[in-house]
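Enquirer: The following file, data23.txt, comprises compact mmCIF, C-alpha atoms:
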# COMPACT_ATOMS: atom_id res chain seq x y z
CA GLN A 106 3.77 1.40 3.65
CA LYS A 107 4.56 4.77 2.14
CA GLU A 108 8.18 5.90 2.13
CA VAL A 109 7.20 9.21 3.73
CA GLU A 110 4.27 9.65 6.12
CA GLN A 111 2.72 12.99 7.01
CA ASP A 112 -0.48 13.82 8.85
CA PRO A 113 -2.79 15.65 6.42
CA GLY A 114 -4.44 17.77 9.12
CA PRO A 115 -5.96 20.30 9.03
CA LEU A 116 -4.07 21.75 11.95
CA SER A 117 -5.83 24.82 13.34
CA VAL A 118 -4.00 27.18 15.69
CA PRO A 119 -4.50 30.75 16.94
CA GLU A 120 -2.20 33.51 15.80
CA GLY A 121 1.02 33.58 17.83
CA ALA A 122 1.05 29.85 18.57
CA ILE A 123 4.07 27.61 18.05
CA VAL A 124 3.36 25.10 15.30
CA SER A 125 4.99 21.70 14.98
CA LEU A 126 4.75 19.83 11.67
CA ASN A 127 6.22 16.36 11.33
CA CYS A 128 7.11 13.59 8.90
CA THR A 129 8.39 10.09 9.34
CA TYR A 130 10.19 8.09 6.69
CA SER A 131 11.37 4.55 6.14
CA ASN A 132 14.32 4.83 3.73
CA SER A 133 17.56 5.23 5.68
CA ALA A 134 19.35 6.32 2.48
CA PHE A 135 17.63 9.72 2.52
CA GLN A 136 20.21 12.42 3.15
CA TYR A 137 18.58 15.73 2.20
CA PHE A 138 15.37 16.90 3.84
CA MET A 139 13.22 19.76 2.65
CA TRP A 140 10.07 21.61 3.57
CA TYR A 141 7.91 23.13 0.87
CA ARG A 142 5.03 25.53 1.43
CA GLN A 143 2.05 25.56 -0.90
CA TYR A 144 -0.55 28.31 -0.87
CA SER A 145 -3.97 27.66 -2.31
CA ARG A 146 -3.97 27.58 -6.14
CA LYS A 147 -0.19 27.89 -6.25
CA GLY A 148 2.70 25.51 -6.80
CA PRO A 149 4.87 24.50 -3.83
CA GLU A 150 7.88 26.67 -3.00
CA LEU A 151 10.97 25.62 -1.11
CA LEU A 152 10.95 26.89 2.46
CA MET A 153 13.96 25.21 4.06
CA TYR A 154 16.32 22.32 3.62
CA THR A 155 18.71 20.44 5.88
CA TYR A 156 21.38 17.87 5.32
CA SER A 157 21.56 14.90 7.67
CA SER A 158 20.72 15.20 11.36
CA GLY A 159 20.50 18.44 13.29
CA ASN A 160 18.68 21.75 13.41
CA LYS A 161 18.52 24.67 11.03
CA GLU A 162 16.91 28.00 11.83
CA ASP A 163 15.65 30.69 9.48
CA GLY A 164 13.74 33.50 11.13
CA ARG A 165 10.58 32.07 12.69
CA PHE A 166 11.18 28.65 11.12
CA THR A 167 13.28 25.80 12.49
CA ALA A 168 13.83 22.52 10.67
CA GLN A 169 14.93 19.52 12.67
CA VAL A 170 16.10 16.11 11.50
CA ASP A 171 16.56 13.00 13.64
CA LYS A 172 17.97 10.32 11.37
CA SER A 173 18.16 7.74 14.14
CA SER A 174 14.37 7.95 14.53
CA LYS A 175 13.70 8.70 10.84
CA TYR A 176 11.73 11.75 11.91
CA ILE A 177 11.79 15.33 10.69
CA SER A 178 10.03 18.40 12.03
CA LEU A 179 9.30 21.97 11.09
CA PHE A 180 8.59 24.45 13.88
CA ILE A 181 6.96 27.80 13.26
CA ARG A 182 7.21 30.36 16.06
CA ASP A 183 4.79 33.25 16.46
CA SER A 184 2.57 31.85 13.72
CA GLN A 185 0.75 34.37 11.50
CA PRO A 186 -2.41 34.08 9.39
CA SER A 187 -0.12 34.40 6.35
CA ASP A 188 1.43 31.07 7.36
CA SER A 189 -1.85 29.34 6.50
CA ALA A 190 -0.88 26.94 3.74
CA THR A 191 -0.11 23.30 3.10
CA TYR A 192 3.36 22.23 4.22
CA LEU A 193 4.99 19.33 2.41
CA CYS A 194 8.07 17.53 3.57
CA ALA A 195 10.35 16.09 0.90
CA MET A 196 13.55 14.13 0.89
CA ASN A 197 16.04 12.51 -1.45
CA THR A 198 19.23 10.51 -1.53
CA GLY A 199 21.19 13.20 -3.35
CA PHE A 200 19.78 12.65 -6.81
CA GLN A 201 17.09 14.45 -8.74
CA LYS A 202 14.18 12.38 -7.55
CA LEU A 203 12.41 13.78 -4.50
CA VAL A 204 9.90 11.84 -2.43
CA PHE A 205 7.16 14.01 -0.96
CA GLY A 206 4.87 13.61 2.01
CA THR A 207 1.16 14.14 1.44
CA GLY A 208 1.26 17.58 3.06
CA THR A 209 -0.24 19.04 6.24
CA ARG A 210 -2.78 21.82 5.89
CA LEU A 211 -2.19 24.56 8.47
CA LEU A 212 -4.80 27.17 9.39
CA VAL A 213 -3.75 30.10 11.57
CA SER A 214 -6.68 32.15 12.81
CA PRO A 215 -6.36 35.84 13.77
CA ASP B 151 13.45 35.03 -10.37
CA VAL B 152 12.78 31.61 -11.87
CA LYS B 153 9.54 31.30 -13.69
CA VAL B 154 7.90 28.02 -14.60
CA THR B 155 4.85 28.56 -16.75
CA GLN B 156 2.19 25.98 -17.42
CA SER B 157 0.12 26.71 -20.48
CA SER B 158 -3.33 26.09 -19.00
CA ARG B 159 -4.77 26.63 -15.55
CA TYR B 160 -7.85 24.48 -16.15
CA LEU B 161 -8.55 21.85 -18.80
CA VAL B 162 -11.61 19.71 -19.39
CA LYS B 163 -11.20 16.77 -21.75
CA ARG B 164 -13.23 13.76 -22.74
CA THR B 165 -12.28 10.14 -22.16
CA GLY B 166 -10.10 8.85 -24.97
CA GLU B 167 -8.80 12.23 -26.08
CA LYS B 168 -5.10 12.87 -26.52
CA VAL B 169 -4.08 15.62 -24.11
CA PHE B 170 -0.99 17.81 -24.14
CA LEU B 171 0.19 19.71 -21.08
CA GLU B 172 2.94 22.22 -21.76
CA CYS B 173 5.53 23.65 -19.42
CA VAL B 174 8.19 26.28 -20.07
CA GLN B 175 10.96 27.49 -17.75
CA ASP B 176 13.09 30.56 -18.26
CA MET B 177 16.19 29.85 -16.16
CA ASP B 178 18.13 27.46 -18.36
CA HIS B 179 17.56 24.61 -15.90
CA GLU B 180 18.78 21.20 -16.90
CA ASN B 181 16.16 19.16 -15.05
CA MET B 182 12.41 19.23 -15.54
CA PHE B 183 9.70 17.20 -13.84
CA TRP B 184 6.03 16.35 -14.09
CA TYR B 185 4.12 15.54 -10.92
CA ARG B 186 0.49 14.92 -10.21
CA GLN B 187 -1.06 15.96 -6.92
CA ASP B 188 -4.08 14.19 -5.46
CA PRO B 189 -5.72 14.53 -2.03
CA GLY B 190 -4.36 11.95 0.38
CA LEU B 191 -1.67 10.84 -2.07
CA GLY B 192 0.44 13.98 -2.25
CA LEU B 193 2.85 14.68 -5.07
CA ARG B 194 3.79 11.74 -7.23
CA LEU B 195 6.45 11.86 -9.91
CA ILE B 196 5.32 10.88 -13.38
CA TYR B 197 8.43 11.56 -15.49
CA PHE B 198 11.50 13.68 -15.35
CA SER B 199 14.13 14.83 -17.82
CA TYR B 200 17.73 15.72 -17.04
CA ASP B 201 18.64 16.88 -20.53
CA VAL B 202 17.14 17.59 -23.93
CA LYS B 203 15.64 14.43 -25.44
CA MET B 204 16.41 12.49 -22.24
CA LYS B 205 13.68 11.18 -19.98
CA GLU B 206 13.27 8.84 -17.06
CA LYS B 207 10.19 7.24 -15.63
CA GLY B 208 9.03 8.31 -12.24
CA ASP B 209 6.76 6.39 -9.90
CA ILE B 210 3.57 6.45 -11.97
CA PRO B 211 4.42 6.67 -15.70
CA GLU B 212 1.65 4.38 -16.95
CA GLY B 213 -0.69 6.16 -19.35
CA TYR B 214 1.68 9.10 -19.84
CA SER B 215 4.53 10.04 -22.11
CA VAL B 216 6.76 13.11 -22.29
CA SER B 217 8.68 15.13 -24.81
CA ARG B 218 11.62 17.46 -24.37
CA GLU B 219 12.81 18.78 -27.71
CA LYS B 220 14.14 22.07 -26.30
CA LYS B 221 15.82 22.73 -22.99
CA GLU B 222 13.18 25.17 -21.78
CA ARG B 223 10.10 23.13 -22.69
CA PHE B 224 8.78 19.87 -21.25
CA SER B 225 5.49 18.40 -22.43
CA LEU B 226 3.34 15.79 -20.76
CA ILE B 227 1.14 13.72 -23.05
CA LEU B 228 -1.86 11.65 -22.08
CA GLU B 229 -2.20 9.30 -25.04
CA SER B 230 -5.82 8.37 -24.28
CA ALA B 231 -7.21 10.28 -21.34
CA SER B 232 -9.12 8.35 -18.69
CA THR B 233 -11.20 9.52 -15.74
CA ASN B 234 -8.56 8.32 -13.27
CA GLN B 235 -6.19 10.89 -14.75
CA THR B 236 -8.33 13.71 -13.41
CA SER B 237 -5.86 15.53 -11.18
CA MET B 238 -3.72 18.58 -10.57
CA TYR B 239 -0.57 18.41 -12.70
CA LEU B 240 2.50 20.30 -11.59
CA CYS B 241 5.60 20.98 -13.63
CA ALA B 242 8.91 21.80 -11.95
CA SER B 243 12.51 22.50 -12.87
CA SER B 244 15.85 22.41 -11.07
CA SER B 245 19.44 23.27 -11.81
CA ASP B 246 22.49 21.01 -11.78
CA ARG B 247 24.23 23.93 -10.07
CA ASP B 248 22.33 22.83 -6.94
CA ARG B 249 24.25 19.55 -6.89
CA PRO B 250 24.52 17.56 -4.66
CA LEU B 251 21.25 18.91 -3.35
CA PHE B 252 18.60 18.59 -6.00
CA GLY B 253 15.87 19.69 -3.67
CA THR B 254 15.38 23.19 -5.02
CA LEU B 255 12.47 22.49 -7.31
CA HIS B 256 10.78 25.50 -8.88
CA PHE B 257 7.14 24.73 -9.54
CA GLY B 258 4.56 26.13 -11.88
CA ASN B 259 1.09 26.90 -10.54
CA GLY B 260 -0.41 23.74 -11.92
CA THR B 261 -2.97 22.61 -14.46
CA ARG B 262 -6.18 21.18 -13.10
CA LEU B 263 -7.28 18.55 -15.59
CA THR B 264 -10.75 17.06 -15.53
CA VAL B 265 -11.47 14.05 -17.73
CA THR B 266 -15.17 13.36 -18.22
As a first step, turn the structure in this file into structure tokens.
Expert:
Amino acid sequence: QKEVEQDPGPLSVPEGAIVSLNCTYSNSAFQYFMWYRQYSRKGPELLMYTYSSGNKEDGRFTAQVDKSSKYISLFIRDSQPSDSATYLCAMNTGFQKLVFGTGTRLLVSP
Amino acid sequence: DVKVTQSSRYLVKRTGEKVFLECVQDMDHENMFWYRQDPGLGLRLIYFSYDVKMKEKGDIPEGYSVSREKKERFSLILESASTNQTSMYLCASSSDRDRPLFGTLHFGNGTRLTVT
């Protein structure tokens, strides 16, 4: 079993839809949870991070962590075609080594 | 703005060749990483370095070695390239100033290596 599981998609939605991206994990020692966005032919870039359980909002993006269920989510409101990318969850125990999900490819059509 | 530069965008090498992938960062970051990215497997850590001349194995170090002689440069070496090392290779760096969160990795745009 992988430490971090993520549905690879693709997830196709119309412009303006609310998008929900999710990851599950097995290591209860994970404390920091991140979402990276990767456009085609580019390296991933950090989108958001959260520490422990709870919600964090940044514009149209909300990151949610439920440590009791070992489940994290990223919500995108009013999705735009420019949001089309691969979204990778990542997590660590507070040290340099991150563990990544496989990424979910999101396609937002105009 | 942090810039992580990988020397080649595409590389084609033959089986058995020694291959060098170079990465340079311009933000004086202490930590540097090499990942490979494969469909269905995601990003997997090969090696990382937290200081000059220091290195630690990641999850899949077999068949690879690294070199960090200067703080800004981190090289990945494939001693004898094999077809199963065909992949996208991503270099990243991070700062100890992000402690305790080390999640702010700054990635290069990758080198797509094909071994034939």
Enquirer: Could you tell me which residues of chain B sit within 12 Å of chain A when counting all atoms listed in the file, and give me the result as a PyMOL selection string?
Expert: chain B and resi 152-156+159-160+180-200+206-209+238-262
Enquirer: Would you output that residue set with C-alpha atoms, as a short mmCIF file (atom, residue, chain, number, x, y, z; two decimals), in the coordinates of the input?
Expert:
data_model
loop_
_atom_site.label_atom_id
_atom_site.label_comp_id
_atom_site.auth_asym_id
_atom_site.auth_seq_id
_atom_site.Cartn_x
_atom_site.Cartn_y
_atom_site.Cartn_z
CA VAL B 152 12.78 31.61 -11.87
CA LYS B 153 9.54 31.30 -13.69
CA VAL B 154 7.90 28.02 -14.60
CA THR B 155 4.85 28.56 -16.75
CA GLN B 156 2.19 25.98 -17.42
CA ARG B 159 -4.77 26.63 -15.55
CA TYR B 160 -7.85 24.48 -16.15
CA GLU B 180 18.78 21.20 -16.90
CA ASN B 181 16.16 19.16 -15.05
CA MET B 182 12.41 19.23 -15.54
CA PHE B 183 9.70 17.20 -13.84
CA TRP B 184 6.03 16.35 -14.09
CA TYR B 185 4.12 15.54 -10.92
CA ARG B 186 0.49 14.92 -10.21
CA GLN B 187 -1.06 15.96 -6.92
CA ASP B 188 -4.08 14.19 -5.46
CA PRO B 189 -5.72 14.53 -2.03
CA GLY B 190 -4.36 11.95 0.38
CA LEU B 191 -1.67 10.84 -2.07
CA GLY B 192 0.44 13.98 -2.25
CA LEU B 193 2.85 14.68 -5.07
CA ARG B 194 3.79 11.74 -7.23
CA LEU B 195 6.45 11.86 -9.91
CA ILE B 196 5.32 10.88 -13.38
CA TYR B 197 8.43 11.56 -15.49
CA PHE B 198 11.50 13.68 -15.35
CA SER B 199 14.13 14.83 -17.82
CA TYR B 200 17.73 15.72 -17.04
CA GLU B 206 13.27 8.84 -17.06
CA LYS B 207 10.19 7.24 -15.63
CA GLY B 208 9.03 8.31 -12.24
CA ASP B 209 6.76 6.39 -9.90
CA MET B 238 -3.72 18.58 -10.57
CA TYR B 239 -0.57 18.41 -12.70
CA LEU B 240 2.50 20.30 -11.59
CA CYS B 241 5.60 20.98 -13.63
CA ALA B 242 8.91 21.80 -11.95
CA SER B 243 12.51 22.50 -12.87
CA SER B 244 15.85 22.41 -11.07
CA SER B 245 19.44 23.27 -11.81
CA ASP B 246 22.49 21.01 -11.78
CA ARG B 247 24.23 23.93 -10.07
CA ASP B 248 22.33 22.83 -6.94
CA ARG B 249 24.25 19.55 -6.89
CA PRO B 250 24.52 17.56 -4.66
CA LEU B 251 21.25 18.91 -3.35
CA PHE B 252 18.60 18.59 -6.00
CA GLY B 253 15.87 19.69 -3.67
CA THR B 254 15.38 23.19 -5.02
CA LEU B 255 12.47 22.49 -7.31
CA HIS B 256 10.78 25.50 -8.88
CA PHE B 257 7.14 24.73 -9.54
CA GLY B 258 4.56 26.13 -11.88
CA ASN B 259 1.09 26.90 -10.54
CA GLY B 260 -0.41 23.74 -11.92
CA THR B 261 -2.97 22.61 -14.46
CA ARG B 262 -6.18 21.18 -13.10
#
Enquirer: Do you know which residues are at most 10 Å from Lys172 of chain A counting only C-alpha atoms, after dropping those on the same chain fewer than 5 positions away, and could you put them as a list in words?
Expert: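 After dropping sequence-adjacent residues, the list is Thr129, Tyr130, Ser133, Ala134, Phe135, Gln136, Ser157, Ser158, Gly159 and Ile177 of chain A.
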Enquirer: May I have the residues within 10 Å of Gly121 of chain A as a PDB file with C-alpha atoms, keeping the file's coordinate frame, using only C-alpha atoms and disregarding those fewer than 6 positions away in the same chain?
Expert:
ATOM      1  CA  ILE A 181       6.960  27.800  13.260  1.00  0.00           C
ATOM      2  CA  ARG A 182       7.210  30.360  16.060  1.00  0.00           C
ATOM      3  CA  ASP A 183       4.790  33.250  16.460  1.00  0.00           C
ATOM      4  CA  SER A 184       2.570  31.850  13.720  1.00  0.00           C
ATOM      5  CA  GLN A 185       0.750  34.370  11.500  1.00  0.00           C
ATOM      6  CA  PRO A 186      -2.410  34.080   9.390  1.00  0.00           C
ATOM      7  CA  VAL A 213      -3.750  30.100  11.570  1.00  0.00           C
ATOM      8  CA  SER A 214      -6.680  32.150  12.810  1.00  0.00           C
ATOM      9  CA  PRO A 215      -6.360  35.840  13.770  1.00  0.00           C
TER      10      PRO A 215
END
Enquirer: Name the closest residue to Ser158 of chain B among the candidates B:Glu222, B:His179, B:Glu172, B:Val202; distances are taken between atoms, counting all atoms listed in the file.
Expert: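 Looking at the shortest contact to Ser158 of chain B, the residue is B:Glu172.
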Enquirer: Mind pulling up the distance from atom CA of Leu211 of chain A to atom CA of Tyr192 of chain A?
Expert: 7.4 Å
Enquirer: Considering all atoms listed in the file, can you say which of A:Gln169, A:Thr191, A:Ser178, A:Asp163 comes closest to Leu126 of chain A?
Expert: A:Ser178
Enquirer: Tell me which protein, DNA and RNA residues are within 9 Å of Ile227 of chain B, counting all atoms listed in the file, leaving out same-chain ones fewer than 2 positions away, and put them as a ChimeraX atom specification.
Expert: /B:168-172,213-217,225,229-230
Enquirer: Out of A:Ala168, A:Asp188, A:Cys194, A:Arg142, which residue has the shortest atom-to-atom distance to Glu120 of chain A when counting only C-alpha atoms?
Expert: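 Of all the options, A:Asp188 lies closest to Glu120 of chain A.
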Enquirer: Between atom CA of Ala231 of chain B and atom CA of Lys205 of chain B, measure the distance and give it in Å to one decimal.
Expert: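 Computing the Euclidean distance for atom CA of Ala231 of chain B and atom CA of Lys205 of chain B yields 21.0 Å.
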Enquirer: Could you jot down the atom CA of Val118 of chain A to atom CA of Val170 of chain A separation for me, Å, one decimal place?
Expert: 23.3 Å
Enquirer: Please put the answer as AutoDock Vina command-line options: centre and edge lengths, in Å with one decimal, of a box along x, y and z that encloses all listed atoms of segment 189-204 of chain A plus 4 Å on each side.
Expert:
--center_x 9.7 --center_y 19.9 --center_z -1.1 --size_x 31.0 --size_y 26.8 --size_z 23.2
